[in-house]
Amino acid sequence: MLENLLAKYGVLTPLRHEEEAAFRSFAVTKRGYAAGATIVAGEYDDPDYLYVVEEGRLFASSDLPSGDRAITRLYFAGDIVGTANIPFERATQTITVQSAAVVYAFPRDNLIEVFTRLPRVAAIFYTFAALENAILNDRLVSVGRMRGKARLASLILEIAARRNLTRSEPASAFPLGLTQSQIGDAIGLTEVQVNRLFRTLCDDGSIAHGGGNVEILNWDRLCEIGHFHDRYDDLDLDWFDHKL
């Protein structure tokens with residue numbers, strides 16, 4: 001259980017036996033969800049549980065008064081879902097299942113005992129939470145200050161970086177795991193604009209795209225277009241690894 005989570009956290013630092021056991025202790029209740037299911041309804045549900053994604057894809061979103069939706073976070077196998085809700089009385093985001101998923105639910109109260117007993121677990125947990133915030137900040141900058149082509153290129157590279165985190169050999173071809181409408185919700189564009197921008201990136205030789213899959217043909221070019229920074233490459237782990 002939780003092999004994806006352990007592989008992801010093991011990228012930071014080799015996990016000690018007691019730390020691996022602590023992470024495995026999060027596998028309290030196993031649940032399966034069909035695509036389209038809502039796990040947490042923002043502003044309605046108590047955020048008493050967090051979820052470790054074992055299989056499938058999920059995303060976090062917020063509904064706008066206009067009826068539009070903004071997708072703010074993407075969740076892959078090995079991710080912990082719901083960290084943004086921990087301090088609040090009500091959930092701040094809606095969590096939706098994009099593709100059929102298996103998750104492990106555990107009470108947020110469980111974090112207190114683990115963090116107190118094993119400070120390195122708290123440090124690892126915090127590092128990934130901060131990493132998620134940095135990635136979200138990059139997307140906000142992209143949506144607020146970049147043209148549509150750059151936004152789409154940056155999102156494609158974000159998904160690639162997340163998928164390749166625990167792979168020994170980076171994959172250049174992969175399913176995006178989002179519809180074009182959902183991609184639009186993530187980068188502030190319409191479905192029609194997203195479709196046109198995919199054609200533009202294909203025409204200039206940066207990617208190949210079809211059937212929900214994408215292949216990155218020119219990484220350097222796509223990074224240049226998207227002004228992309230791979231935050232996983234920027235990690236400095238000395239601040240906790242030599243102290244705890």
# chains A, B, ... in the order shown; residues from 1 in each chain; ligands from 1
$ select_by_dssp --residues "stretch 34-160 of chain A" --states "alpha helix (DSSP H)" --output "number ranges by chain"
A: 110-117, 119-145, 148-160
$ write_last_selection --atoms "C-alpha atoms" --output "mmCIF file, in the first residue's frame"
data_model
loop_
_atom_site.group_PDB
_atom_site.id
_atom_site.type_symbol
_atom_site.label_atom_id
_atom_site.label_comp_id
_atom_site.auth_asym_id
_atom_site.auth_seq_id
_atom_site.Cartn_x
_atom_site.Cartn_y
_atom_site.Cartn_z
ATOM 1 C CA ASN A 110 -3.443 11.746 12.770
ATOM 2 C CA LEU A 111 -0.873 14.263 11.573
ATOM 3 C CA ILE A 112 -0.357 15.700 15.051
ATOM 4 C CA GLU A 113 0.996 12.494 16.590
ATOM 5 C CA VAL A 114 3.165 11.673 13.567
ATOM 6 C CA PHE A 115 4.615 15.182 13.285
ATOM 7 C CA THR A 116 5.388 15.332 17.007
ATOM 8 C CA ARG A 117 7.114 11.953 17.058
ATOM 9 C CA PRO A 119 9.910 15.765 12.801
ATOM 10 C CA ARG A 120 11.473 14.679 9.494
ATOM 11 C CA VAL A 121 8.043 13.458 8.372
ATOM 12 C CA ALA A 122 6.671 16.909 9.154
ATOM 13 C CA ALA A 123 9.545 18.475 7.191
ATOM 14 C CA ILE A 124 8.941 16.227 4.166
ATOM 15 C CA PHE A 125 5.204 16.878 4.334
ATOM 16 C CA TYR A 126 5.789 20.628 4.558
ATOM 17 C CA THR A 127 8.271 20.572 1.664
ATOM 18 C CA PHE A 128 5.730 19.042 -0.688
ATOM 19 C CA ALA A 129 2.983 21.383 0.511
ATOM 20 C CA ALA A 130 5.288 24.340 -0.187
ATOM 21 C CA LEU A 131 6.166 22.826 -3.573
ATOM 22 C CA GLU A 132 2.477 22.616 -4.475
ATOM 23 C CA ASN A 133 2.062 26.277 -3.530
ATOM 24 C CA ALA A 134 5.034 27.266 -5.704
ATOM 25 C CA ILE A 135 3.552 25.376 -8.672
ATOM 26 C CA LEU A 136 0.180 27.043 -8.081
ATOM 27 C CA ASN A 137 1.889 30.443 -7.894
ATOM 28 C CA ASP A 138 3.610 29.764 -11.226
ATOM 29 C CA ARG A 139 0.239 28.956 -12.786
ATOM 30 C CA LEU A 140 -1.314 32.138 -11.371
ATOM 31 C CA VAL A 141 1.499 34.185 -12.901
ATOM 32 C CA SER A 142 1.019 32.333 -16.175
ATOM 33 C CA VAL A 143 -2.742 32.943 -16.236
ATOM 34 C CA GLY A 144 -2.423 36.565 -15.159
ATOM 35 C CA ARG A 145 0.506 37.713 -17.291
ATOM 36 C CA GLY A 148 -2.626 31.619 -24.103
ATOM 37 C CA LYS A 149 0.076 29.684 -25.952
ATOM 38 C CA ALA A 150 2.470 30.118 -23.017
ATOM 39 C CA ARG A 151 -0.214 29.069 -20.527
ATOM 40 C CA LEU A 152 -0.921 25.827 -22.374
ATOM 41 C CA ALA A 153 2.770 25.031 -22.849
ATOM 42 C CA SER A 154 3.412 25.608 -19.143
ATOM 43 C CA LEU A 155 0.512 23.351 -18.098
ATOM 44 C CA ILE A 156 1.684 20.536 -20.385
ATOM 45 C CA LEU A 157 5.159 20.754 -18.846
ATOM 46 C CA GLU A 158 3.719 20.884 -15.309
ATOM 47 C CA ILE A 159 1.851 17.629 -15.966
ATOM 48 C CA ALA A 160 4.967 16.068 -17.488
#
$ select_by_dssp --residues "stretch 26-124 of chain A" --states "strand (DSSP E or B)" --output "PyMOL selection string"
chain A and resi 29-33+38-40+49-63+69-75+80-81+94-107
$ residues_around --residues "A:Val192" --least-positions-apart "3" --cutoff "12 Å" --atoms "only C-alpha atoms" --output "list of chain:residue names"
A:Gly148, A:Thr179, A:Gln180, A:Ser181, A:Gln182, A:Ile183, A:Gly184, A:Gly188, A:Leu189, A:Asn195, A:Arg196, A:Leu197, A:Phe198, A:Arg199
$ write_last_selection --atoms "C-alpha atoms" --output "PDB file, in the first residue's frame"
ATOM      1  CA  GLY A 148      -2.626  31.619 -24.103  1.00  0.00           C
ATOM      2  CA  THR A 179     -10.538  17.354 -21.232  1.00  0.00           C
ATOM      3  CA  GLN A 180      -9.955  20.505 -23.253  1.00  0.00           C
ATOM      4  CA  SER A 181     -12.741  22.172 -21.292  1.00  0.00           C
ATOM      5  CA  GLN A 182     -10.988  21.299 -18.020  1.00  0.00           C
ATOM      6  CA  ILE A 183      -7.657  22.516 -19.392  1.00  0.00           C
ATOM      7  CA  GLY A 184      -9.416  25.791 -20.111  1.00  0.00           C
ATOM      8  CA  GLY A 188      -8.343  30.664 -17.875  1.00  0.00           C
ATOM      9  CA  LEU A 189      -9.261  29.998 -21.510  1.00  0.00           C
ATOM     10  CA  ASN A 195      -8.266  23.585 -29.184  1.00  0.00           C
ATOM     11  CA  ARG A 196      -6.750  26.302 -31.392  1.00  0.00           C
ATOM     12  CA  LEU A 197      -3.623  26.554 -29.228  1.00  0.00           C
ATOM     13  CA  PHE A 198      -3.054  22.807 -29.381  1.00  0.00           C
ATOM     14  CA  ARG A 199      -3.034  23.092 -33.167  1.00  0.00           C
TER      15      ARG A 199
END
$ atom_distance --atom1 "atom CA of A:Gly56" --atom2 "atom CA of A:Glu19"
24.8 Å
$ closest_residue --among "A:Ile39, A:Ala173, A:Val103, A:Ile187" --to "A:Ile216" --atoms "only C-alpha atoms"
A:Ala173
$ residues_around --residues "A:Val81" --least-positions-apart "4" --cutoff "10 Å" --atoms "only C-alpha atoms" --output "ChimeraX atom specification"
/A:49-53,58-60,73-76,85,95,103-105
$ write_last_selection --atoms "C-alpha atoms" --output "compact mmCIF listing (two decimals), in the first residue's frame"
# COMPACT_ATOMS: atom_id res chain seq x y z
CA TYR A 49 -10.05 13.92 6.30
CA LEU A 50 -7.13 13.93 3.92
CA TYR A 51 -6.72 11.48 1.05
CA VAL A 52 -3.71 9.68 -0.38
CA VAL A 53 -4.15 8.94 -4.09
CA LEU A 58 -8.19 14.14 -9.22
CA PHE A 59 -8.35 17.92 -9.28
CA ALA A 60 -9.27 20.76 -6.92
CA ARG A 73 -4.58 21.85 -8.36
CA LEU A 74 -3.99 18.55 -10.11
CA TYR A 75 -3.50 15.36 -8.10
CA PHE A 76 -1.60 12.28 -9.25
CA ASN A 85 -8.06 22.61 3.84
CA ILE A 95 -12.14 17.83 -4.93
CA VAL A 103 -7.70 6.66 -2.35
CA TYR A 104 -6.89 6.12 1.31
CA ALA A 105 -8.68 8.46 3.70
$ residues_around --residues "stretch 8-18 of chain A" --least-positions-apart "4" --cutoff "7 Å" --atoms "only C-alpha atoms" --output "PDB file with C-alpha atoms, in the first residue's frame"
ATOM      1  CA  ASN A   4       3.429   5.692  -5.052  1.00  0.00           C
ATOM      2  CA  ALA A  22       4.354   6.422   9.617  1.00  0.00           C
ATOM      3  CA  GLY A  78       1.162   9.388  -4.594  1.00  0.00           C
ATOM      4  CA  LEU A 165       8.905  12.700 -10.702  1.00  0.00           C
ATOM      5  CA  THR A 166       9.368   9.051  -9.744  1.00  0.00           C
TER       6      THR A 166
END
$ residues_around --residues "A:Ala171" --least-positions-apart "2" --cutoff "10 Å" --atoms "only C-alpha atoms" --output "list in words"
Ala160, Ala161, Arg163, Asn164, Arg167, Ser168, Glu169, Ala173, Phe174, Glu215 and Ile216 of chain A
$ closest_residue --among "A:Asp204, A:Leu2, A:Asp234, A:Val97" --to "A:Val40" --atoms "only C-alpha atoms"
A:Val97
$ closest_residue --among "A:Gly205, A:Gly226, A:Pro170, A:Pro107" --to "A:Ala27" --atoms "only C-alpha atoms"
A:Pro107
$ atom_distance --atom1 "atom CA of A:Glu3" --atom2 "atom CA of A:Ala77"
9.3 Å
$ closest_residue --among "A:Asp233, A:Glu55, A:Asp68, A:Asp63" --to "A:Ser99" --atoms "only C-alpha atoms"
A:Glu55
$ residues_around --residues "A:Gly42" --least-positions-apart "4" --cutoff "7 Å" --atoms "only C-alpha atoms" --output "PyMOL selection string"
chain A and resi 91-94
